[in-house]
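Data file: work-v1.txt. Format and content: compact mmCIF, C-alpha atoms and all ligand atoms.
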# COMPACT_ATOMS: atom_id res chain seq x y z
CA MET A 1 97.99 70.57 43.25
CA ARG A 2 99.76 72.34 46.08
CA LYS A 3 97.56 73.66 48.85
CA LYS A 4 97.11 77.39 49.34
CA VAL A 5 96.88 79.17 52.69
CA SER A 6 96.08 82.87 52.83
CA VAL A 7 96.90 84.78 55.98
CA ILE A 8 94.99 88.02 56.41
CA GLY A 9 96.95 90.45 58.57
CA ALA A 10 100.74 90.49 58.23
CA GLY A 11 101.41 91.60 61.81
CA ASN A 12 103.08 89.52 64.48
CA VAL A 13 100.69 86.55 64.56
CA GLY A 14 100.01 86.57 60.81
CA ALA A 15 103.63 86.74 59.69
CA THR A 16 104.72 84.11 62.21
CA THR A 17 101.92 81.78 61.09
CA ALA A 18 103.04 82.33 57.50
CA GLN A 19 106.58 81.47 58.58
CA PHE A 20 105.52 78.17 60.17
CA VAL A 21 103.56 77.17 57.06
CA VAL A 22 106.31 77.93 54.55
CA GLN A 23 108.99 76.46 56.80
CA SER A 24 107.00 73.18 56.91
CA GLY A 25 106.62 73.18 53.11
CA ILE A 26 103.04 71.83 53.31
CA ALA A 27 101.41 74.72 51.42
CA ASP A 28 101.99 77.91 49.49
CA VAL A 29 101.16 81.15 51.30
CA VAL A 30 99.64 84.51 50.44
CA LEU A 31 100.19 87.15 53.10
CA PHE A 32 97.63 89.98 52.90
CA ASP A 33 97.54 93.28 54.78
CA VAL A 34 96.11 96.77 54.21
CA ALA A 35 99.44 98.36 55.20
CA ASP A 36 101.48 99.04 52.07
CA GLY A 37 104.89 97.36 51.96
CA LEU A 38 104.40 95.28 55.10
CA PRO A 39 103.02 92.07 53.55
CA GLN A 40 105.30 92.38 50.52
CA GLY A 41 108.41 92.97 52.66
CA LYS A 42 107.73 90.17 55.11
CA ALA A 43 106.79 87.74 52.34
CA LEU A 44 109.98 88.50 50.43
CA ASP A 45 112.04 88.00 53.58
CA LEU A 46 110.31 84.64 54.21
CA ALA A 47 110.74 83.60 50.56
CA GLU A 48 114.48 84.28 50.87
CA ALA A 49 114.59 81.87 53.84
CA CYS A 50 112.90 79.01 51.94
CA PRO A 51 116.09 77.71 50.25
CA LEU A 52 117.70 77.50 53.71
CA TRP A 53 114.70 75.56 55.04
CA ASN A 54 114.74 73.27 51.96
CA SER A 55 111.11 74.30 51.54
CA PRO A 56 109.25 74.05 48.22
CA SER A 57 106.64 76.59 49.43
CA THR A 58 106.08 79.84 47.62
CA ILE A 59 104.96 83.00 49.41
CA ILE A 60 103.82 86.40 48.19
CA GLY A 61 102.71 89.52 50.03
CA THR A 62 99.82 91.59 48.73
CA ARG A 63 97.13 94.22 49.29
CA ASP A 64 94.94 92.71 46.59
CA TYR A 65 92.34 90.10 47.57
CA THR A 66 92.35 88.53 44.10
CA ASP A 67 95.79 87.10 44.96
CA THR A 68 94.06 85.05 47.66
CA ASN A 69 91.61 83.49 45.15
CA ASN A 70 90.75 79.82 45.72
CA SER A 71 92.59 79.42 48.99
CA ASP A 72 92.14 76.11 50.82
CA ILE A 73 92.50 77.82 54.19
CA VAL A 74 92.19 81.47 55.15
CA VAL A 75 93.57 82.52 58.54
CA ILE A 76 92.29 85.83 59.89
CA THR A 77 94.71 87.71 62.15
CA ALA A 78 93.79 91.21 60.94
CA GLY A 79 92.92 93.69 63.64
CA LEU A 80 94.14 95.38 66.73
CA ALA A 81 96.06 93.55 69.46
CA ARG A 82 95.90 94.25 73.19
CA LYS A 83 97.95 96.90 74.94
CA PRO A 84 98.82 96.74 78.66
CA GLY A 85 95.69 97.11 80.80
CA MET A 86 93.33 96.15 77.94
CA SER A 87 91.16 93.03 77.95
CA ARG A 88 90.44 91.04 74.79
CA ASN A 89 86.90 92.45 74.89
CA ASP A 90 88.16 96.03 74.62
CA LEU A 91 89.02 95.23 70.99
CA LEU A 92 85.43 94.37 70.14
CA HIS A 93 84.12 97.20 67.98
CA ALA A 94 87.23 98.05 66.00
CA ASN A 95 87.92 94.42 65.20
CA ALA A 96 84.29 93.61 64.34
CA ASP A 97 84.39 96.19 61.53
CA ILE A 98 87.64 94.67 60.26
CA ILE A 99 86.26 91.10 60.40
CA LYS A 100 83.15 92.07 58.44
CA GLU A 101 85.24 93.72 55.73
CA VAL A 102 87.74 90.84 55.54
CA CYS A 103 85.04 88.14 55.49
CA THR A 104 83.05 89.81 52.74
CA GLU A 105 86.19 89.71 50.58
CA ILE A 106 87.12 86.13 51.55
CA ALA A 107 83.65 84.83 50.68
CA LYS A 108 84.06 86.25 47.16
CA ALA A 109 87.68 85.21 46.62
CA SER A 110 87.65 81.74 48.21
CA PRO A 111 84.08 80.43 48.48
CA ASN A 112 85.28 76.90 49.35
CA ALA A 113 87.89 77.84 51.94
CA ILE A 114 88.10 76.77 55.57
CA VAL A 115 88.44 79.83 57.79
CA ILE A 116 90.42 79.99 61.04
CA VAL A 117 89.75 83.13 63.07
CA VAL A 118 92.48 84.35 65.42
CA THR A 119 91.49 88.00 65.89
CA ASN A 120 90.17 88.83 69.40
CA PRO A 121 87.73 88.67 71.05
CA MET A 122 88.05 85.44 69.13
CA ASP A 123 84.83 83.52 69.92
CA VAL A 124 82.69 86.52 68.99
CA MET A 125 84.77 87.21 65.87
CA ALA A 126 84.43 83.55 64.79
CA GLN A 127 80.65 83.85 64.99
CA LEU A 128 80.75 87.11 63.08
CA ALA A 129 82.98 85.50 60.42
CA TRP A 130 80.53 82.59 60.08
CA LYS A 131 77.57 84.96 59.68
CA THR A 132 79.38 87.23 57.24
CA THR A 133 80.81 84.52 54.98
CA GLU A 134 77.60 82.44 55.15
CA PHE A 135 79.86 79.35 54.94
CA SER A 136 78.89 76.07 56.57
CA CYS A 137 79.78 76.22 60.27
CA LYS A 138 82.07 73.21 59.70
CA ARG A 139 84.30 75.54 57.66
CA VAL A 140 84.56 78.41 60.15
CA MET A 141 86.33 78.00 63.48
CA GLY A 142 88.41 79.93 65.99
CA MET A 143 91.85 79.36 67.52
CA GLY A 144 92.06 79.70 71.31
CA GLY A 145 91.90 76.38 73.16
CA VAL A 146 95.02 74.95 71.52
CA LEU A 147 96.99 77.96 72.78
CA ASP A 148 95.46 77.95 76.27
CA ALA A 149 96.13 74.22 76.64
CA SER A 150 99.72 74.65 75.44
CA ARG A 151 100.29 77.37 78.03
CA LEU A 152 98.93 75.12 80.76
CA ARG A 153 101.06 72.20 79.50
CA ILE A 154 104.30 74.18 79.72
CA PHE A 155 103.48 75.47 83.23
CA LEU A 156 102.67 71.91 84.38
CA SER A 157 105.77 70.46 82.74
CA ARG A 158 108.05 73.02 84.36
CA GLU A 159 106.49 72.43 87.76
CA LEU A 160 106.85 68.65 87.43
CA ARG A 161 110.16 68.78 85.56
CA VAL A 162 108.93 66.45 82.83
CA SER A 163 108.88 66.89 79.07
CA PRO A 164 105.92 69.03 77.91
CA GLU A 165 105.35 66.36 75.25
CA ASP A 166 104.14 64.00 77.95
CA VAL A 167 101.75 66.51 79.49
CA GLU A 168 98.16 66.72 78.24
CA ALA A 169 95.62 69.38 79.16
CA LEU A 170 92.16 70.34 78.01
CA VAL A 171 90.72 73.85 78.12
CA LEU A 172 87.10 74.44 77.12
CA GLY A 173 84.89 77.52 76.93
CA GLY A 174 85.53 80.99 75.59
CA HIS A 175 89.06 82.24 74.94
CA GLY A 176 88.93 84.79 77.74
CA ASP A 177 89.17 85.17 81.48
CA ASP A 178 86.28 82.68 81.88
CA MET A 179 88.07 79.86 80.02
CA VAL A 180 87.40 76.44 81.55
CA PRO A 181 90.58 74.38 82.16
CA LEU A 182 89.58 70.90 83.34
CA PRO A 183 91.98 69.31 85.92
CA ARG A 184 90.19 65.95 85.41
CA PHE A 185 91.68 65.76 81.93
CA MET A 186 95.20 66.90 82.78
CA THR A 187 97.60 63.98 82.64
CA VAL A 188 101.27 63.09 82.41
CA LYS A 189 101.55 60.02 80.19
CA GLY A 190 98.04 59.03 81.32
CA ILE A 191 98.63 59.66 85.04
CA GLN A 192 96.11 62.14 86.41
CA ILE A 193 97.72 65.37 87.50
CA THR A 194 95.94 65.14 90.86
CA GLU A 195 98.21 62.15 91.63
CA LEU A 196 101.29 64.29 91.06
CA LEU A 197 100.52 67.82 92.25
CA ARG A 198 98.67 69.37 95.17
CA LYS A 199 95.30 70.97 94.47
CA ASN A 200 96.44 74.48 95.35
CA LYS A 201 99.44 74.17 93.00
CA ILE A 202 97.16 73.04 90.15
CA ALA A 203 94.83 75.95 90.90
CA ALA A 204 97.75 78.41 90.77
CA LEU A 205 98.91 77.08 87.38
CA ILE A 206 95.36 77.30 86.03
CA GLU A 207 95.17 80.90 87.21
CA ARG A 208 98.49 81.66 85.47
CA THR A 209 97.05 80.13 82.28
CA ARG A 210 93.93 82.32 82.51
CA ASN A 211 96.24 85.33 82.64
CA GLY A 212 98.73 83.87 80.17
CA GLY A 213 98.02 86.45 77.46
CA ALA A 214 98.03 89.40 79.86
CA GLU A 215 101.34 88.23 81.41
CA ILE A 216 103.03 88.49 78.02
CA VAL A 217 101.34 91.81 77.16
CA SER A 218 102.66 93.32 80.38
CA LEU A 219 106.19 92.05 79.69
CA LEU A 220 106.29 93.16 76.04
CA LYS A 221 104.67 96.55 76.80
CA SER A 222 103.73 96.94 73.16
CA GLY A 223 102.03 94.11 71.31
CA SER A 224 100.82 90.74 72.50
CA ALA A 225 101.92 87.10 72.27
CA TYR A 226 102.56 85.67 68.84
CA TYR A 227 104.97 82.71 68.74
CA ALA A 228 102.69 80.34 70.66
CA PRO A 229 99.49 81.70 69.02
CA ALA A 230 101.04 81.13 65.58
CA ALA A 231 102.26 77.64 66.56
CA ALA A 232 98.73 76.79 67.77
CA THR A 233 97.23 78.09 64.52
CA PHE A 234 99.74 76.07 62.54
CA GLN A 235 98.77 72.89 64.39
CA MET A 236 95.16 73.47 63.24
CA ILE A 237 96.23 74.25 59.64
CA ARG A 238 98.30 71.08 59.51
CA SER A 239 95.52 68.88 60.86
CA ILE A 240 93.17 70.20 58.16
CA LEU A 241 95.57 70.17 55.20
CA LEU A 242 97.00 66.75 55.98
CA ASP A 243 93.60 65.41 57.10
CA GLU A 244 95.24 64.32 60.35
CA LYS A 245 91.96 64.22 62.31
CA ARG A 246 93.65 65.60 65.42
CA MET A 247 91.38 66.17 68.41
CA LEU A 248 91.95 69.80 69.29
CA PRO A 249 90.05 72.31 71.41
CA CYS A 250 88.74 74.94 68.97
CA ALA A 251 85.95 77.49 68.94
CA ALA A 252 83.18 75.71 67.04
CA TYR A 253 79.53 76.47 66.40
CA LEU A 254 77.36 74.70 68.99
CA ASN A 255 73.84 73.79 68.04
CA GLY A 256 72.66 71.96 71.13
CA GLU A 257 75.98 70.29 72.03
CA TYR A 258 76.91 70.85 75.68
CA GLY A 259 73.34 72.10 76.18
CA VAL A 260 73.93 75.39 74.35
CA LYS A 261 72.68 76.67 71.05
CA ASP A 262 73.72 79.22 68.45
CA ILE A 263 77.09 80.22 69.84
CA TYR A 264 80.78 79.67 69.11
CA MET A 265 82.52 78.04 72.08
CA GLY A 266 85.78 76.21 72.72
CA VAL A 267 85.17 72.45 72.70
CA PRO A 268 87.21 69.42 71.56
CA VAL A 269 86.70 68.80 67.85
CA ILE A 270 88.12 66.52 65.19
CA LEU A 271 89.91 68.62 62.58
CA GLY A 272 90.30 67.16 59.11
CA LYS A 273 89.97 68.03 55.44
CA GLU A 274 86.30 69.03 55.88
CA GLY A 275 87.14 71.39 58.75
CA VAL A 276 85.30 70.69 62.02
CA GLU A 277 84.35 67.12 61.19
CA ARG A 278 82.97 66.24 64.63
CA ILE A 279 82.37 67.87 67.96
CA ILE A 280 83.38 65.66 70.87
CA GLU A 281 80.90 65.94 73.68
CA ILE A 282 82.18 64.96 77.11
CA ARG A 283 79.97 64.63 80.17
CA LEU A 284 80.79 67.50 82.49
CA THR A 285 80.38 67.46 86.27
CA GLY A 286 77.97 69.95 87.86
CA GLU A 287 80.78 72.35 88.70
CA GLU A 288 82.35 72.11 85.22
CA LYS A 289 78.94 72.69 83.64
CA ALA A 290 78.42 75.80 85.73
CA GLN A 291 81.82 77.16 84.63
CA PHE A 292 81.09 76.35 80.99
CA ARG A 293 77.69 78.11 81.17
CA LYS A 294 79.33 81.18 82.76
CA SER A 295 81.84 81.29 79.94
CA CYS A 296 79.02 80.97 77.37
CA ALA A 297 77.15 83.81 79.04
CA SER A 298 80.19 86.12 78.74
CA VAL A 299 80.57 85.37 75.02
CA ARG A 300 76.83 85.64 74.38
CA LYS A 301 76.73 89.06 76.03
CA LEU A 302 79.26 90.29 73.47
CA THR A 303 77.63 88.61 70.45
CA GLU A 304 74.31 90.22 71.36
CA LYS A 305 75.89 93.64 70.85
CA PHE A 306 75.95 92.87 67.13
CA SER A 307 72.76 90.81 66.99
CA ILE A 308 74.83 87.96 65.53
P1 LIG A 401 99.48 93.16 64.90
O1 LIG A 401 99.08 94.55 65.26
O2 LIG A 401 100.90 92.79 64.94
O3 LIG A 401 98.93 92.81 63.43
C1 LIG A 401 97.64 93.09 63.01
C2 LIG A 401 97.70 93.42 61.52
O4 LIG A 401 96.38 93.54 61.01
C3 LIG A 401 98.43 94.73 61.20
O5 LIG A 401 99.54 94.48 60.36
C4 LIG A 401 97.37 95.56 60.50
O6 LIG A 401 97.88 96.38 59.45
C5 LIG A 401 96.45 94.49 59.97
N1 LIG A 401 95.11 94.97 59.63
C6 LIG A 401 94.37 95.92 60.26
N2 LIG A 401 93.21 96.10 59.61
C7 LIG A 401 93.21 95.27 58.54
C8 LIG A 401 92.29 94.99 57.50
N3 LIG A 401 91.12 95.62 57.43
N4 LIG A 401 92.63 94.07 56.59
C9 LIG A 401 93.82 93.41 56.65
N5 LIG A 401 94.74 93.62 57.61
C10 LIG A 401 94.43 94.55 58.55
O7 LIG A 401 98.62 92.20 65.86
P2 LIG A 401 98.93 90.65 66.20
O8 LIG A 401 99.77 90.58 67.40
O9 LIG A 401 99.34 89.98 64.95
O10 LIG A 401 97.45 90.18 66.64
C11 LIG A 401 96.43 90.10 65.66
C12 LIG A 401 95.09 89.75 66.32
O11 LIG A 401 95.17 88.43 66.87
C13 LIG A 401 94.70 90.67 67.51
O12 LIG A 401 93.31 90.88 67.50
C14 LIG A 401 95.09 89.82 68.71
O13 LIG A 401 94.36 90.19 69.88
C15 LIG A 401 94.72 88.45 68.23
N6 LIG A 401 95.34 87.34 68.93
C16 LIG A 401 94.54 86.27 69.20
C17 LIG A 401 95.06 85.17 69.83
C18 LIG A 401 94.18 83.97 70.09
O14 LIG A 401 94.56 83.10 70.87
N7 LIG A 401 93.02 83.85 69.45
C19 LIG A 401 96.41 85.16 70.23
C20 LIG A 401 97.20 86.26 69.92
C21 LIG A 401 96.66 87.35 69.27

Take the structure in this file and express it as structure tokens.
Amino acid sequence: MRKKVSVIGAGNVGATTAQFVVQSGIADVVLFDVADGLPQGKALDLAEACPLWNSPSTIIGTRDYTDTNNSDIVVITAGLARKPGMSRNDLLHANADIIKEVCTEIAKASPNAIVIVVTNPMDVMAQLAWKTTEFSCKRVMGMGGVLDASRLRIFLSRELRVSPEDVEALVLGGHGDDMVPLPRFMTVKGIQITELLRKNKIAALIERTRNGGAEIVSLLKSGSAYYAPAAATFQMIRSILLDEKRMLPCAAYLNGEYGVKDIYMGVPVILGKEGVERIIEIRLTGEEKAQFRKSCASVRKLTEKFSI
């Protein structure tokens, strides 16, 4: 049986995620959107590329949730994206209504699916998706840390003039301005970054990563980043569908891990066929803990607005 991935929202991130899945051939795709013509048009365009990619994947575009029935994975990208000058949090109320509507439908159509939430503010929307679907928390997660770490990796690799493949980075916490990049875990082929770069340079690259989304929004003027967000989402999809058990930083439900309870936060997890199969708890220093708590407090402040 071929695997089925439904992508809700056929905008920039959704359509590009759909592209990466069909191009890889690892699953069939259903692209859903409320806008008439958009999901159908983009899906047809992608289907016409499949012979050129030697891909066996099928893809359809739809406005009907029954087409998404029995999906293995549902990716949620539906909602508004940032405009210049807007923070991720400015999207809160409009996107919360969309997430509730989408998740009510997903729970009916695909009760066994694993859900990846991309819509911002992502950590809050992941928690709302978990509450609305009433799925096990192992099957609902958010994409943020994989993207933030990839941004940091490319900035580090350019600075050091080494292949980004050899650069590792770990970013914890909420997917927002309070994200927690950890220099202790940044390495080039196992060599700590502090051996290779001055502290103030590392700090500047971390700051650029924090503003990575806003930098692209201000360049594009309309719309926000989507190639790297879709590539990050695809890495998560692949790890789940192929049961790769990659260790990736994702927004996961914490129930006492890292000393916090009842909140979605970015932490390293093992992603496999069951979804979030394990949360990896690392011992943080006092300063790292303080940053992590600050990030939790920002996310909690937003979740409290919905009593979720
Ligand atoms: P976009 O505007 O290009 O696409 C959004 C799509 O959602 C539109 O096509 C719209 O018609 C659709 N939509 C709206 N309401 C819907 C509903 N009720 N049901 C189904 N579809 C609906 O935006 P984008 O650039 O693709 O970004 C999508 C979301 O992802 C935004 O919230 C953005 O902030 C977020 N995002 C998150 C990350 C991350 O790292 N987590 C990265 C990039 C973007």

Self-check item: Selection as an MDAnalysis selection string: residues within 7 Å of ligand LIG 401 (chain A) by only C-alpha atoms and all ligand atoms
Solution: chainID A and resid 8:14 32:35 77:82 88 95 98 101:102 118:122 142:144 147 175 223:226 229

Those same residues, written as a short mmCIF file (atom, residue, chain, number, x, y, z; two decimals), in the frame of the given file with C-alpha atoms?
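Contents of part-v9.cif, as written:
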data_model
loop_
_atom_site.label_atom_id
_atom_site.label_comp_id
_atom_site.auth_asym_id
_atom_site.auth_seq_id
_atom_site.Cartn_x
_atom_site.Cartn_y
_atom_site.Cartn_z
CA ILE A 8 94.99 88.02 56.41
CA GLY A 9 96.95 90.45 58.57
CA ALA A 10 100.74 90.49 58.23
CA GLY A 11 101.41 91.60 61.81
CA ASN A 12 103.08 89.52 64.48
CA VAL A 13 100.69 86.55 64.56
CA GLY A 14 100.01 86.57 60.81
CA PHE A 32 97.63 89.98 52.90
CA ASP A 33 97.54 93.28 54.78
CA VAL A 34 96.11 96.77 54.21
CA ALA A 35 99.44 98.36 55.20
CA THR A 77 94.71 87.71 62.15
CA ALA A 78 93.79 91.21 60.94
CA GLY A 79 92.92 93.69 63.64
CA LEU A 80 94.14 95.38 66.73
CA ALA A 81 96.06 93.55 69.46
CA ARG A 82 95.90 94.25 73.19
CA ARG A 88 90.44 91.04 74.79
CA ASN A 95 87.92 94.42 65.20
CA ILE A 98 87.64 94.67 60.26
CA GLU A 101 85.24 93.72 55.73
CA VAL A 102 87.74 90.84 55.54
CA VAL A 118 92.48 84.35 65.42
CA THR A 119 91.49 88.00 65.89
CA ASN A 120 90.17 88.83 69.40
CA PRO A 121 87.73 88.67 71.05
CA MET A 122 88.05 85.44 69.13
CA GLY A 142 88.41 79.93 65.99
CA MET A 143 91.85 79.36 67.52
CA GLY A 144 92.06 79.70 71.31
CA LEU A 147 96.99 77.96 72.78
CA HIS A 175 89.06 82.24 74.94
CA GLY A 223 102.03 94.11 71.31
CA SER A 224 100.82 90.74 72.50
CA ALA A 225 101.92 87.10 72.27
CA TYR A 226 102.56 85.67 68.84
CA PRO A 229 99.49 81.70 69.02
#

Quiz item: Looking at A:Pro56, A:Pro51, A:Gly25, A:Gly85, which one is nearest to Leu219 in chain A, with distances taken over only C-alpha atoms?
Solution: A:Gly85

Sorted per-residue table, range 134-170 of chain A near range 198-209 of chain A, closest atoms and distance, 8 Å, all atoms listed in the file, as JSON lines:
{"residue": "A:Asp148", "atom": "CA", "partner": "A:Thr209", "partner_atom": "CA", "distance": 6.6}
{"residue": "A:Arg151", "atom": "CA", "partner": "A:Thr209", "partner_atom": "CA", "distance": 6.0}
{"residue": "A:Leu152", "atom": "CA", "partner": "A:Thr209", "partner_atom": "CA", "distance": 5.6}
{"residue": "A:Phe155", "atom": "CA", "partner": "A:Leu205", "partner_atom": "CA", "distance": 6.4}
{"residue": "A:Leu156", "atom": "CA", "partner": "A:Leu205", "partner_atom": "CA", "distance": 7.1}

Exercise. Identify which of the residues A:Ser150, A:Ser110, A:Ser157, A:Ser295 lies closest to Thr233 in chain A, counting all atoms listed in the file when measuring atom-to-atom distances.
Key: A:Ser150

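Using only C-alpha atoms, the nearest neighbour of Val75 in chain A within the list A:Gly256, A:Gly272, A:Val140, A:Asp178 is A:Val140.
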
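What separates CA of Ile279 in chain A from CA of Met265 in chain A is a distance of 11.0 Å.
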
Practice problem: Would you list the contacts of Leu271 in chain A as a PyMOL selection string, taking every protein, DNA or RNA residue within 12 Å and counting all atoms listed in the file, but skipping same-chain residues closer than 5 positions in sequence? | Solution: chain A and resi 114+116+138-143+235-252+276-280

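With all atoms listed in the file as the basis for measurement, A:Gly145 is the residue among A:Gly61, A:Gly212, A:Gly145, A:Pro84 that approaches Leu182 in chain A most closely.
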
Practice problem: Give me the residues within 9 Å of Thr68 in chain A as a PyMOL selection string, counting all atoms listed in the file and dropping any in the same chain fewer than 4 places off. | Solution: chain A and resi 4-7+29-32+62+64+74+106+109-110

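Distances to Val162 in chain A were evaluated for A:Thr187, A:Ala47, A:Ala297, A:Gly37 using only C-alpha atoms, and the minimum falls at A:Thr187.
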